[in-house]
>>> print(open('data-v4.csv').read())   # CSV, C-alpha atoms and all ligand atoms
chain,number,residue,atom,x,y,z
H,17,MET,CA,61.1,19.1,36.1
H,18,ASN,CA,59.1,18.0,33.1
H,19,LYS,CA,58.7,21.4,31.4
H,20,VAL,CA,61.3,24.1,31.1
H,21,LYS,CA,60.1,27.4,32.3
H,22,VAL,CA,61.2,30.0,29.7
H,23,GLY,CA,61.5,33.8,30.2
H,24,VAL,CA,61.6,35.7,26.9
H,25,VAL,CA,63.6,39.0,27.0
H,26,GLY,CA,62.8,41.2,24.0
H,27,VAL,CA,59.4,40.5,22.4
H,28,GLY,CA,59.6,42.6,19.3
H,29,THR,CA,59.6,41.0,15.8
H,30,MET,CA,61.6,37.8,16.5
H,31,GLY,CA,60.8,37.5,20.2
H,32,LYS,CA,57.1,37.5,19.5
H,33,GLY,CA,57.7,34.8,16.9
H,34,HIS,CA,59.6,32.8,19.5
H,35,VAL,CA,56.7,33.1,22.0
H,36,ARG,CA,54.4,31.7,19.3
H,37,THR,CA,56.9,28.8,18.7
H,38,LEU,CA,57.4,28.1,22.4
H,39,ASN,CA,53.6,27.9,22.8
H,40,GLU,CA,53.7,24.9,20.4
H,41,ILE,CA,56.3,23.0,22.3
H,42,GLU,CA,55.2,20.5,25.0
H,43,THR,CA,58.5,20.4,26.9
H,44,CYS,CA,58.4,24.1,27.8
H,45,VAL,CA,56.1,26.8,29.1
H,46,VAL,CA,56.5,30.6,28.6
H,47,SER,CA,56.6,31.7,32.3
H,48,ALA,CA,57.6,35.3,31.9
H,49,VAL,CA,58.3,38.0,29.3
H,50,CYS,CA,60.2,41.2,29.4
H,51,ASP,CA,60.5,44.2,27.1
H,52,ILE,CA,61.4,47.9,27.7
H,53,ASP,CA,58.5,48.8,25.4
H,54,GLU,CA,55.2,48.0,27.1
H,55,VAL,CA,53.4,48.2,23.8
H,56,LYS,CA,55.1,44.9,22.8
H,57,ILE,CA,53.9,43.2,26.0
H,58,LYS,CA,50.4,44.5,25.4
H,59,ALA,CA,50.5,43.1,21.8
H,60,LEU,CA,51.3,39.6,23.2
H,61,ARG,CA,48.3,39.8,25.6
H,62,ASP,CA,46.0,41.3,23.0
H,63,GLU,CA,46.9,38.5,20.6
H,64,LYS,CA,46.4,35.9,23.3
H,65,LEU,CA,50.0,34.7,22.9
H,66,ILE,CA,50.4,34.8,26.7
H,67,ASP,CA,47.6,34.6,29.3
H,68,GLU,CA,47.1,36.8,32.4
H,69,LYS,CA,49.1,34.3,34.5
H,70,VAL,CA,52.3,35.1,32.6
H,71,LYS,CA,54.2,37.8,34.5
H,72,SER,CA,55.7,40.6,32.5
H,73,PHE,CA,58.7,42.8,33.3
H,74,SER,CA,60.3,45.9,31.8
H,75,ASP,CA,63.7,45.2,33.5
H,76,TYR,CA,65.4,41.9,32.5
H,77,ARG,CA,67.2,41.8,35.9
H,78,LYS,CA,63.8,41.4,37.6
H,79,LEU,CA,62.8,38.6,35.3
H,80,ILE,CA,66.0,36.8,36.0
H,81,SER,CA,65.7,37.2,39.8
H,82,SER,CA,62.0,36.4,39.8
H,83,GLY,CA,62.5,32.7,40.3
H,84,LEU,CA,59.9,32.1,37.5
H,85,CYS,CA,62.4,30.9,34.9
H,86,ASP,CA,64.8,28.0,34.3
H,87,CYS,CA,65.9,29.4,31.0
H,88,VAL,CA,66.1,32.8,29.3
H,89,ALA,CA,65.6,33.4,25.6
H,90,ILE,CA,67.5,36.6,24.7
H,91,VAL,CA,65.9,38.3,21.7
H,92,THR,CA,66.8,42.0,22.1
H,93,PRO,CA,68.9,43.9,19.6
H,94,HIS,CA,72.4,42.3,19.6
H,95,PRO,CA,74.3,45.0,21.7
H,96,ALA,CA,72.2,44.1,24.7
H,97,HIS,CA,72.8,40.3,24.4
H,98,LEU,CA,76.0,40.3,26.5
H,99,GLU,CA,74.8,42.0,29.7
H,100,ILE,CA,71.6,39.9,29.7
H,101,ALA,CA,73.4,36.6,29.1
H,102,LEU,CA,76.0,37.5,31.8
H,103,ALA,CA,73.2,38.1,34.3
H,104,ALA,CA,71.4,34.9,33.4
H,105,PHE,CA,74.6,32.8,33.7
H,106,LYS,CA,75.3,34.4,37.1
H,107,ALA,CA,71.8,33.4,38.3
H,108,GLY,CA,72.4,29.8,37.0
H,109,LEU,CA,69.8,30.0,34.3
H,110,HIS,CA,70.0,28.2,30.9
H,111,VAL,CA,70.3,30.6,27.9
H,112,MET,CA,69.2,30.7,24.3
H,113,CYS,CA,70.8,33.8,23.0
H,114,ASP,CA,69.7,34.7,19.5
H,115,LYS,CA,72.2,35.4,16.7
H,116,PRO,CA,74.6,37.1,16.6
H,117,ILE,CA,75.5,36.3,20.2
H,118,THR,CA,77.4,39.6,20.4
H,119,CYS,CA,78.7,42.2,17.9
H,120,SER,CA,82.4,41.8,18.7
H,121,ALA,CA,84.7,38.8,19.2
H,122,MET,CA,85.8,40.4,22.5
H,123,ASP,CA,82.3,40.4,23.9
H,124,ALA,CA,81.8,36.8,22.6
H,125,ASP,CA,84.9,35.8,24.6
H,126,ARG,CA,83.4,37.4,27.7
H,127,MET,CA,80.0,35.7,27.2
H,128,ILE,CA,81.6,32.3,26.6
H,129,GLY,CA,84.1,32.8,29.5
H,130,ALA,CA,81.1,33.5,31.9
H,131,TRP,CA,79.2,30.4,30.6
H,132,GLU,CA,82.2,28.1,31.0
H,133,LYS,CA,82.1,28.8,34.8
H,134,THR,CA,78.5,27.4,34.9
H,135,SER,CA,76.9,24.0,34.3
H,136,VAL,CA,73.9,25.5,32.4
H,137,LYS,CA,73.1,24.9,28.8
H,138,PHE,CA,73.9,27.6,26.3
H,139,SER,CA,72.4,27.6,22.8
H,140,THR,CA,72.2,30.1,20.0
H,141,MET,CA,69.5,30.3,17.2
H,142,TYR,CA,71.4,29.1,14.2
H,143,SER,CA,68.2,27.6,12.8
H,144,MET,CA,69.6,26.7,9.4
H,145,ARG,CA,71.7,24.0,11.0
H,146,ALA,CA,68.4,22.1,11.7
H,147,ASN,CA,67.5,22.1,8.0
H,148,PRO,CA,67.7,18.5,6.6
H,149,CYS,CA,69.4,19.6,3.4
H,150,ASN,CA,72.1,21.5,5.4
H,151,LYS,CA,72.5,18.5,7.7
H,152,LEU,CA,73.0,16.2,4.7
H,153,ILE,CA,75.6,18.5,3.2
H,154,LYS,CA,77.5,18.3,6.5
H,155,GLU,CA,77.3,14.5,6.5
H,156,TRP,CA,78.6,14.3,2.9
H,157,ILE,CA,81.5,16.6,3.7
H,158,GLU,CA,82.5,14.7,6.8
H,159,SER,CA,82.1,11.2,5.3
H,160,GLY,CA,84.5,12.1,2.5
H,161,ARG,CA,81.8,11.6,-0.2
H,162,LEU,CA,83.1,14.7,-2.0
H,163,GLY,CA,86.8,13.8,-1.6
H,164,THR,CA,89.1,16.6,-0.5
H,165,ILE,CA,87.4,20.0,-0.7
H,166,ARG,CA,89.1,22.2,-3.2
H,167,ARG,CA,86.9,25.3,-3.5
H,168,VAL,CA,83.5,26.6,-2.2
H,169,GLU,CA,81.3,29.4,-3.5
H,170,MET,CA,78.3,30.7,-1.5
H,171,THR,CA,76.0,33.4,-2.8
H,172,CYS,CA,73.3,34.7,-0.4
H,173,THR,CA,71.3,37.4,-2.2
H,174,ALA,CA,67.8,36.3,-1.2
H,175,TRP,CA,67.8,38.6,1.8
H,176,LEU,CA,65.9,41.6,0.3
H,177,ARG,CA,65.2,44.3,2.9
H,178,THR,CA,63.5,47.7,2.1
H,179,GLN,CA,64.3,51.1,3.4
H,180,LYS,CA,61.2,50.7,5.6
H,181,TYR,CA,62.7,47.7,7.3
H,182,TYR,CA,65.7,49.9,8.4
H,183,ASN,CA,63.5,52.9,9.2
H,184,GLU,CA,61.1,50.9,11.4
H,185,GLN,CA,63.7,50.2,14.1
H,186,SER,CA,66.2,53.0,14.6
H,187,TRP,CA,68.9,50.5,15.8
H,188,ARG,CA,69.1,48.7,12.5
H,189,GLY,CA,71.8,49.6,10.0
H,190,THR,CA,73.8,51.6,12.5
H,191,TRP,CA,77.2,51.0,14.0
H,192,LYS,CA,75.9,51.9,17.5
H,193,GLY,CA,72.7,50.0,17.3
H,194,GLU,CA,73.8,46.7,15.8
H,195,GLY,CA,77.5,46.9,15.2
H,196,GLY,CA,77.1,46.4,11.4
H,197,GLY,CA,74.4,45.7,8.9
H,198,LEU,CA,74.1,42.6,6.7
H,199,LEU,CA,77.1,41.0,8.4
H,200,MET,CA,75.4,41.4,11.9
H,201,ASN,CA,71.8,40.6,10.9
H,202,GLN,CA,71.2,38.4,7.9
H,203,ALA,CA,74.6,36.9,6.9
H,204,PRO,CA,75.5,35.5,10.4
H,205,HIS,CA,73.2,32.5,9.4
H,206,ASN,CA,75.2,31.9,6.3
H,207,LEU,CA,78.6,32.4,7.9
H,208,ASP,CA,77.6,30.0,10.6
H,209,LEU,CA,76.7,27.4,8.0
H,210,LEU,CA,80.1,27.8,6.5
H,211,TYR,CA,81.7,27.2,10.0
H,212,TYR,CA,79.2,24.3,10.6
H,213,TRP,CA,80.3,22.6,7.4
H,214,PHE,CA,83.9,23.4,7.0
H,215,GLY,CA,85.2,24.4,10.5
H,216,PRO,CA,87.6,27.2,11.3
H,217,ALA,CA,89.1,29.8,8.9
H,218,LYS,CA,92.7,31.1,8.9
H,219,SER,CA,92.3,34.4,7.1
H,220,ILE,CA,89.7,36.6,5.5
H,221,TRP,CA,89.7,39.3,2.9
H,222,ALA,CA,86.6,41.3,2.2
H,223,SER,CA,85.1,44.2,0.3
H,224,LEU,CA,82.0,45.9,2.0
H,225,ALA,CA,79.7,48.6,0.7
H,226,GLY,CA,76.5,50.3,1.5
H,227,ARG,CA,74.9,50.4,-2.0
H,228,TYR,CA,71.2,49.9,-1.8
H,229,HIS,CA,69.9,51.7,1.3
H,230,ASP,CA,70.3,54.9,3.2
H,231,ILE,CA,72.0,53.4,6.2
H,232,GLU,CA,75.5,53.7,7.9
H,233,THR,CA,76.5,50.1,7.6
H,234,GLU,CA,77.2,47.5,4.8
H,235,ASP,CA,74.4,46.0,2.8
H,236,GLU,CA,76.7,44.2,0.4
H,237,VAL,CA,79.7,41.9,1.0
H,238,PHE,CA,82.2,40.1,-1.2
H,239,ALA,CA,84.7,38.0,0.7
H,240,LYS,CA,87.4,35.4,0.4
H,241,ILE,CA,87.6,33.1,3.4
H,242,VAL,CA,90.5,30.8,3.6
H,243,SER,CA,89.7,27.6,5.5
H,244,GLU,CA,92.2,26.2,8.0
H,245,LYS,CA,92.3,23.2,5.6
H,246,GLY,CA,93.6,25.6,2.9
H,247,PHE,CA,90.8,25.9,0.4
H,248,PRO,CA,89.1,29.2,-0.5
H,249,ILE,CA,85.5,30.0,0.1
H,250,ILE,CA,84.1,32.8,-2.1
H,251,PHE,CA,81.3,34.5,-0.3
H,252,SER,CA,78.9,37.1,-1.5
H,253,ALA,CA,75.7,38.5,0.0
H,254,ASN,CA,73.5,41.6,-0.1
H,255,THR,CA,70.1,42.8,1.0
H,256,GLY,CA,69.3,44.7,-2.2
H,257,GLU,CA,68.4,42.1,-4.8
H,258,PHE,CA,65.3,40.2,-5.9
H,259,PRO,CA,64.7,37.4,-6.5
H,260,GLY,CA,68.3,36.8,-5.5
H,261,LYS,CA,70.0,33.5,-4.9
H,262,ASP,CA,70.6,31.0,-2.1
H,263,TYR,CA,73.4,29.1,-3.8
H,264,VAL,CA,76.3,26.9,-2.6
H,265,GLU,CA,78.8,25.1,-4.8
H,266,ILE,CA,81.2,22.7,-3.0
H,267,VAL,CA,83.9,21.4,-5.2
H,268,GLY,CA,85.7,18.3,-4.0
H,269,THR,CA,88.2,16.0,-5.7
H,270,LYS,CA,85.4,13.4,-6.2
H,271,GLY,CA,82.7,15.7,-7.5
H,272,THR,CA,80.7,18.9,-7.0
H,273,LEU,CA,77.7,19.3,-4.8
H,274,VAL,CA,75.4,22.2,-5.7
H,275,LYS,CA,72.7,23.6,-3.5
H,276,ASN,CA,70.4,26.0,-5.4
H,277,ASP,CA,67.2,27.4,-3.9
H,278,GLY,CA,66.8,24.4,-1.5
H,279,LYS,CA,67.5,21.7,-4.1
H,280,LEU,CA,70.7,19.5,-4.2
H,281,LEU,CA,72.5,18.2,-7.2
H,282,PHE,CA,75.7,16.1,-7.3
H,283,ARG,CA,78.1,16.0,-10.2
H,284,GLU,CA,80.0,12.8,-9.5
H,285,LEU,CA,83.4,12.3,-11.3
H,286,ALA,CA,84.1,8.8,-12.6
H,287,GLU,CA,87.6,9.2,-11.1
H,288,PRO,CA,89.0,11.7,-8.7
H,289,ILE,CA,90.1,14.9,-10.4
H,290,ASP,CA,93.6,14.9,-8.9
H,291,LYS,CA,94.2,11.5,-10.4
H,292,THR,CA,93.0,12.8,-13.8
H,293,ILE,CA,95.2,15.9,-13.5
H,294,LYS,CA,98.3,13.8,-12.7
H,295,GLU,CA,97.8,10.8,-14.9
H,296,SER,CA,95.7,11.7,-17.9
H,297,GLU,CA,97.4,11.3,-21.3
H,298,LYS,CA,95.3,14.1,-22.7
H,299,ALA,CA,96.3,17.7,-22.4
H,300,PHE,CA,92.7,18.9,-22.6
H,301,ALA,CA,90.8,16.2,-20.7
H,302,THR,CA,87.0,16.1,-20.4
H,303,PRO,CA,86.5,13.7,-17.5
H,304,GLU,CA,83.4,11.5,-17.3
H,305,TYR,CA,80.9,12.4,-14.6
H,306,LYS,CA,77.2,11.8,-13.9
H,307,GLU,CA,74.8,14.4,-12.6
H,308,GLN,CA,72.0,13.5,-10.4
H,309,PRO,CA,69.6,15.2,-7.9
H,310,VAL,CA,70.2,14.3,-4.2
H,311,GLU,CA,67.0,13.5,-2.2
H,312,PHE,CA,66.7,14.5,1.4
H,313,GLU,CA,63.8,14.4,3.8
H,314,SER,CA,61.6,17.5,3.9
H,315,SER,CA,61.5,19.7,7.0
H,316,LYS,CA,58.7,18.7,9.3
H,317,THR,CA,59.5,21.2,12.0
H,318,SER,CA,60.7,24.8,11.6
H,319,GLY,CA,64.4,25.5,12.3
H,320,HIS,CA,63.5,27.7,15.3
H,321,LYS,CA,61.3,25.0,16.9
H,322,SER,CA,63.9,22.3,16.3
H,323,ILE,CA,66.6,24.5,18.1
H,324,PHE,CA,64.3,25.1,21.1
H,325,MET,CA,63.1,21.5,21.3
H,326,ASN,CA,66.7,20.3,21.2
H,327,LEU,CA,67.7,22.7,24.0
H,328,PHE,CA,64.8,21.7,26.2
H,329,ASP,CA,65.6,18.0,25.6
H,330,SER,CA,69.2,18.6,26.6
H,331,ILE,CA,68.1,20.5,29.8
H,332,LEU,CA,65.5,17.9,30.8
H,333,LYS,CA,67.8,14.9,30.1
H,334,GLY,CA,70.9,16.5,31.6
H,335,LEU,CA,72.9,16.0,28.3
H,336,ASP,CA,76.2,17.8,27.4
H,337,ASN,CA,76.2,21.2,25.7
H,338,ASP,CA,77.7,19.4,22.7
H,339,SER,CA,74.4,17.6,22.2
H,340,LEU,CA,73.0,21.0,21.1
H,341,ILE,CA,72.4,21.6,17.4
H,342,ALA,CA,73.7,25.1,17.8
H,343,PRO,CA,75.9,25.4,20.9
H,344,GLY,CA,76.1,29.0,22.1
H,345,ASP,CA,79.9,29.0,22.0
H,346,ASP,CA,79.9,28.2,18.3
H,347,GLY,CA,78.3,31.6,17.9
H,348,ILE,CA,81.7,33.2,18.2
H,349,HIS,CA,82.8,32.2,14.7
H,350,SER,CA,80.3,34.1,12.7
H,351,VAL,CA,81.0,37.2,14.9
H,352,GLU,CA,84.7,36.8,14.4
H,353,TRP,CA,84.5,36.3,10.7
H,354,ALA,CA,82.2,39.4,10.4
H,355,ASN,CA,84.7,41.4,12.5
H,356,ALA,CA,87.5,40.3,10.2
H,357,MET,CA,85.6,41.4,7.1
H,358,LEU,CA,85.1,44.9,8.5
H,359,LEU,CA,88.7,45.1,9.5
H,360,SER,CA,89.7,44.0,6.0
H,361,LYS,CA,87.4,46.6,4.4
H,362,PHE,CA,89.2,49.4,6.4
H,363,SER,CA,92.8,48.1,6.1
H,364,GLY,CA,92.5,46.7,2.6
H,365,GLU,CA,94.4,43.7,3.9
H,366,GLU,CA,93.7,40.0,4.3
H,367,ILE,CA,93.0,39.5,8.0
H,368,LYS,CA,94.6,36.6,9.9
H,369,LEU,CA,92.4,34.9,12.5
H,370,PRO,CA,92.0,35.2,15.4
H,371,VAL,CA,91.0,38.8,15.0
H,372,LYS,CA,92.9,41.3,17.1
H,373,ARG,CA,90.2,42.2,19.6
H,374,LYS,CA,91.6,45.6,20.5
H,375,THR,CA,92.1,46.7,16.9
H,376,TYR,CA,88.6,45.8,16.0
H,377,ASN,CA,87.1,47.6,19.0
H,378,GLU,CA,89.1,50.8,18.2
H,379,LEU,CA,87.8,50.7,14.6
H,380,MET,CA,84.2,50.2,15.8
H,381,LYS,CA,84.6,53.1,18.3
H,382,LYS,CA,85.7,55.4,15.5
H,383,LEU,CA,82.8,54.2,13.3
H,384,ILE,CA,80.3,54.9,16.0
H,385,GLU,CA,81.7,58.2,17.1
H,386,GLN,CA,82.1,59.6,13.6
H,387,LYS,CA,78.9,58.0,12.3
H,388,ILE,CA,81.0,56.9,9.3
H,389,LYS,CA,78.8,55.9,6.3
H,390,LEU,CA,80.0,53.1,4.1
V,1,LIG,N1,67.2,33.6,14.6
V,1,LIG,C1,66.6,34.3,13.6
V,1,LIG,O1,66.2,33.7,12.6
V,1,LIG,C2,66.4,35.8,13.8
V,1,LIG,C3,65.6,36.5,13.0
V,1,LIG,C4,65.4,37.9,13.2
V,1,LIG,C5,66.0,38.5,14.3
V,1,LIG,N2,66.9,37.7,15.0
V,1,LIG,C6,67.6,38.4,16.2
V,1,LIG,O2,66.7,38.7,17.2
V,1,LIG,C7,67.1,39.9,17.8
V,1,LIG,C8,66.0,40.9,17.8
V,1,LIG,O3,65.7,41.3,16.5
V,1,LIG,P1,64.2,41.8,16.1
V,1,LIG,O4,64.2,41.9,14.7
V,1,LIG,O5,63.2,41.0,16.8
V,1,LIG,O6,64.3,43.3,16.8
V,1,LIG,P2,63.1,44.2,17.3
V,1,LIG,O7,63.6,45.6,17.3
V,1,LIG,O8,61.8,44.0,16.4
V,1,LIG,O9,62.7,43.7,18.7
V,1,LIG,C9,63.6,43.8,19.8
V,1,LIG,C10,62.8,44.0,21.1
V,1,LIG,O10,63.8,44.1,22.2
V,1,LIG,C11,63.3,45.1,23.0
V,1,LIG,N3,64.4,45.5,23.9
V,1,LIG,C12,65.5,46.3,23.5
V,1,LIG,N4,66.4,46.4,24.5
V,1,LIG,C13,65.9,45.7,25.6
V,1,LIG,C14,66.3,45.4,26.9
V,1,LIG,N5,67.4,45.8,27.4
V,1,LIG,N6,65.5,44.6,27.7
V,1,LIG,C15,64.3,44.1,27.2
V,1,LIG,N7,63.8,44.4,26.0
V,1,LIG,C16,64.6,45.1,25.1
V,1,LIG,C17,62.8,46.2,22.1
V,1,LIG,O11,61.9,47.1,22.8
V,1,LIG,C18,62.1,45.4,21.1
V,1,LIG,O12,60.7,45.1,21.4
V,1,LIG,C19,68.4,40.4,17.1
V,1,LIG,O13,69.5,40.0,17.8
V,1,LIG,C20,68.3,39.7,15.8
V,1,LIG,O14,69.5,39.4,15.1
V,1,LIG,C21,67.0,36.4,14.9
>>> encode(input="data-v4.csv", output="structure tokens")
Amino acid sequence: MNKVKVGVVGVGTMGKGHVRTLNEIETCVVSAVCDIDEVKIKALRDEKLIDEKVKSFSDYRKLISSGLCDCVAIVTPHPAHLEIALAAFKAGLHVMCDKPITCSAMDADRMIGAWEKTSVKFSTMYSMRANPCNKLIKEWIESGRLGTIRRVEMTCTAWLRTQKYYNEQSWRGTWKGEGGGLLMNQAPHNLDLLYYWFGPAKSIWASLAGRYHDIETEDEVFAKIVSEKGFPIIFSANTGEFPGKDYVEIVGTKGTLVKNDGKLLFRELAEPIDKTIKESEKAFATPEYKEQPVEFESSKTSGHKSIFMNLFDSILKGLDNDSLIAPGDDGIHSVEWANAMLLSKFSGEEIKLPVKRKTYNELMKKLIEQKIKL
């Protein structure tokens, strides 16, 4: 095999974008597409994104059993991800399941459990991991350049969505259609970055509200995530601001790294702050530090393209799933953290991880049945 044959299931907004991206990649070919809405398939043909040789299906099961694909890209609304991934794994096909892999941690357990019985590759589309700035932040954290992490603040308010966005697709902003709002659609990228940089969390407290749109679900989140290493991460996000912020402040004992609108700045302390706190002879110390921008290479390839290229490379070279930038099983963490936030909103408590799957599913059932509006 020198090209991976990819079947794309769900060719709406993102799926169509993925077809465009896949067409630019030399190591793959779009071999089939599937959508329950034939208008979406017609749009692909009209815009010449697929030619007449590419077979289309309205039932994903037929695409999977067609023998036309080595790999399935799942780009339907999230509640359908699980059944499509289970069918693809059963058929021995590689999978790229877009984010969030599922809406609940219990479904993510099922998806990962099914994949673990196979030898196929399983990726998700956490494209921000491929961003050079985000990769550099990870390297700095892991190399100890910042010292011991003390506190993190992340503000993600550059996700403006209008009422039209929610009205256009009836599944959006509903408990039944997407299992949440901001936490299931936009913020998974940010929560995944936090996991990518800092690893597992031990507890989460959150306040959620629907403040900006006429939807059932949350469009605003404030949360405190306590890392397993003990430090707090203060997280806030919404889809109702402009221009909004894409801001991260990582405070370590050796200095503070600030990411603001794609630029990095390091405030490096002359001596570690814990040493100053313990040993300074001054009660009100003003430790020396130098502030400088941090350079990083600019992105030559889009995040989506990098994730796909990395997956195909891994398939063609027979590498381990761990060689993936965004392994599919890592997708469980952003789902679990989002589930914990919703549980915290309704219990008023700080939720210990792992999330109690049954408790979460009972809450979601109630939200769906009673169409509860936040
Ligand atoms: N990785 C990213 O950056 C990114 C960005 C946007 C959306 N997404 C994800 O992509 C997914 C789709 O989002 P979207 O905005 O493109 O939604 P969309 O509604 O625009 O498109 C979804 C498409 O899936 C089709 N579909 C629904 N159920 C299906 C089924 N069972 N079989 C086949 N087709 C089916 C619909 O007809 C529609 O055309 C979501 O999970 C979303 O979170 C990822």
>>> residues_near_point(input="data-v4.csv", point="(67.7, 34.3, 21.8)", cutoff="9 Å", atoms="all atoms listed in the file", output="ChimeraX atom specification")
/H:24-26,30-31,34,88-92,97,111-115,117,139-141
>>> residues_near_point(input="data-v4.csv", point="(69.5, 18.9, 32.1)", cutoff="12 Å", atoms="all atoms listed in the file", output="list in words")
Met17, Asn18, Lys19, Val20, Asp86, Cys87, Leu109, His110, Ser135, Val136, Lys137, Phe138, Asn326, Leu327, Phe328, Asp329, Ser330, Ile331, Leu332, Lys333, Gly334, Leu335, Asp336, Asn337, Ser339 and Leu340 of chain H
>>> closest_residue(input="data-v4.csv", among="H:Glu158, H:Asp235, H:Glu184, H:Glu378", to="ligand LIG 1 (chain V)", atoms="all atoms listed in the file")
H:Glu184
>>> residues_near_ligand(input="data-v4.csv", ligand="ligand LIG 1 (chain V)", cutoff="9 Å", atoms="all atoms listed in the file", output="ChimeraX atom specification")
/H:24-33,49-57,73-77,90-97,99-100,113-118,140-144,184-188,194,200-202,204-205,319-320
>>> residues_around(input="data-v4.csv", residues="Gly129 (chain H)", least_positions_apart="5", cutoff="10 Å", atoms="all atoms listed in the file", output="PyMOL selection string")
chain H and resi 102+123-124+134+345
>>> decode(input="data-v4.csv", residues="region 290-344 of chain H", atoms="C-alpha atoms", output="PDB file, in the first residue's frame")
ATOM      1  CA  ASP H 290      10.326  29.016  46.255  1.00  0.00           C
ATOM      2  CA  LYS H 291      13.949  29.877  47.179  1.00  0.00           C
ATOM      3  CA  THR H 292      13.034  33.591  47.401  1.00  0.00           C
ATOM      4  CA  ILE H 293       9.979  32.825  49.539  1.00  0.00           C
ATOM      5  CA  LYS H 294      12.021  30.690  51.945  1.00  0.00           C
ATOM      6  CA  GLU H 295      15.287  32.620  52.086  1.00  0.00           C
ATOM      7  CA  SER H 296      14.684  36.291  51.294  1.00  0.00           C
ATOM      8  CA  GLU H 297      15.577  38.704  54.075  1.00  0.00           C
ATOM      9  CA  LYS H 298      12.942  41.120  52.819  1.00  0.00           C
ATOM     10  CA  ALA H 299       9.289  40.789  53.909  1.00  0.00           C
ATOM     11  CA  PHE H 300       8.112  42.488  50.691  1.00  0.00           C
ATOM     12  CA  ALA H 301      10.465  41.159  48.027  1.00  0.00           C
ATOM     13  CA  THR H 302      10.483  42.245  44.363  1.00  0.00           C
ATOM     14  CA  PRO H 303      12.540  39.460  42.765  1.00  0.00           C
ATOM     15  CA  GLU H 304      14.544  40.155  39.634  1.00  0.00           C
ATOM     16  CA  TYR H 305      13.276  38.746  36.362  1.00  0.00           C
ATOM     17  CA  LYS H 306      13.768  39.337  32.663  1.00  0.00           C
ATOM     18  CA  GLU H 307      10.943  39.382  30.162  1.00  0.00           C
ATOM     19  CA  GLN H 308      11.528  38.238  26.607  1.00  0.00           C
ATOM     20  CA  PRO H 309       9.510  36.998  23.625  1.00  0.00           C
ATOM     21  CA  VAL H 310       9.919  33.326  22.749  1.00  0.00           C
ATOM     22  CA  GLU H 311      10.391  32.550  19.081  1.00  0.00           C
ATOM     23  CA  PHE H 312       8.946  29.450  17.473  1.00  0.00           C
ATOM     24  CA  GLU H 313       8.710  28.253  13.875  1.00  0.00           C
ATOM     25  CA  SER H 314       5.626  29.372  12.007  1.00  0.00           C
ATOM     26  CA  SER H 315       3.062  26.775  10.963  1.00  0.00           C
ATOM     27  CA  LYS H 316       3.717  25.551   7.424  1.00  0.00           C
ATOM     28  CA  THR H 317       0.868  23.050   7.423  1.00  0.00           C
ATOM     29  CA  SER H 318      -2.640  23.328   8.831  1.00  0.00           C
ATOM     30  CA  GLY H 319      -3.333  21.385  12.031  1.00  0.00           C
ATOM     31  CA  HIS H 320      -5.927  19.178  10.305  1.00  0.00           C
ATOM     32  CA  LYS H 321      -3.502  18.306   7.510  1.00  0.00           C
ATOM     33  CA  SER H 322      -0.705  17.514   9.998  1.00  0.00           C
ATOM     34  CA  ILE H 323      -2.972  15.158  11.963  1.00  0.00           C
ATOM     35  CA  PHE H 324      -4.050  13.316   8.792  1.00  0.00           C
ATOM     36  CA  MET H 325      -0.494  13.119   7.385  1.00  0.00           C
ATOM     37  CA  ASN H 326       0.793  11.782  10.683  1.00  0.00           C
ATOM     38  CA  LEU H 327      -1.970   9.124  10.759  1.00  0.00           C
ATOM     39  CA  PHE H 328      -1.255   7.980   7.181  1.00  0.00           C
ATOM     40  CA  ASP H 329       2.483   7.911   7.872  1.00  0.00           C
ATOM     41  CA  SER H 330       1.840   5.736  10.888  1.00  0.00           C
ATOM     42  CA  ILE H 331      -0.425   3.381   8.866  1.00  0.00           C
ATOM     43  CA  LEU H 332       1.970   3.095   5.914  1.00  0.00           C
ATOM     44  CA  LYS H 333       5.063   2.549   8.094  1.00  0.00           C
ATOM     45  CA  GLY H 334       3.284   0.258  10.581  1.00  0.00           C
ATOM     46  CA  LEU H 335       4.223   2.463  13.556  1.00  0.00           C
ATOM     47  CA  ASP H 336       2.674   2.255  17.056  1.00  0.00           C
ATOM     48  CA  ASN H 337      -0.496   4.192  17.847  1.00  0.00           C
ATOM     49  CA  ASP H 338       1.625   6.200  20.303  1.00  0.00           C
ATOM     50  CA  SER H 339       3.417   7.700  17.299  1.00  0.00           C
ATOM     51  CA  LEU H 340       0.241   9.669  16.565  1.00  0.00           C
ATOM     52  CA  ILE H 341       0.077  13.361  17.438  1.00  0.00           C
ATOM     53  CA  ALA H 342      -3.483  12.884  18.701  1.00  0.00           C
ATOM     54  CA  PRO H 343      -4.059   9.211  19.584  1.00  0.00           C
ATOM     55  CA  GLY H 344      -7.794   8.426  19.660  1.00  0.00           C
TER      56      GLY H 344
END
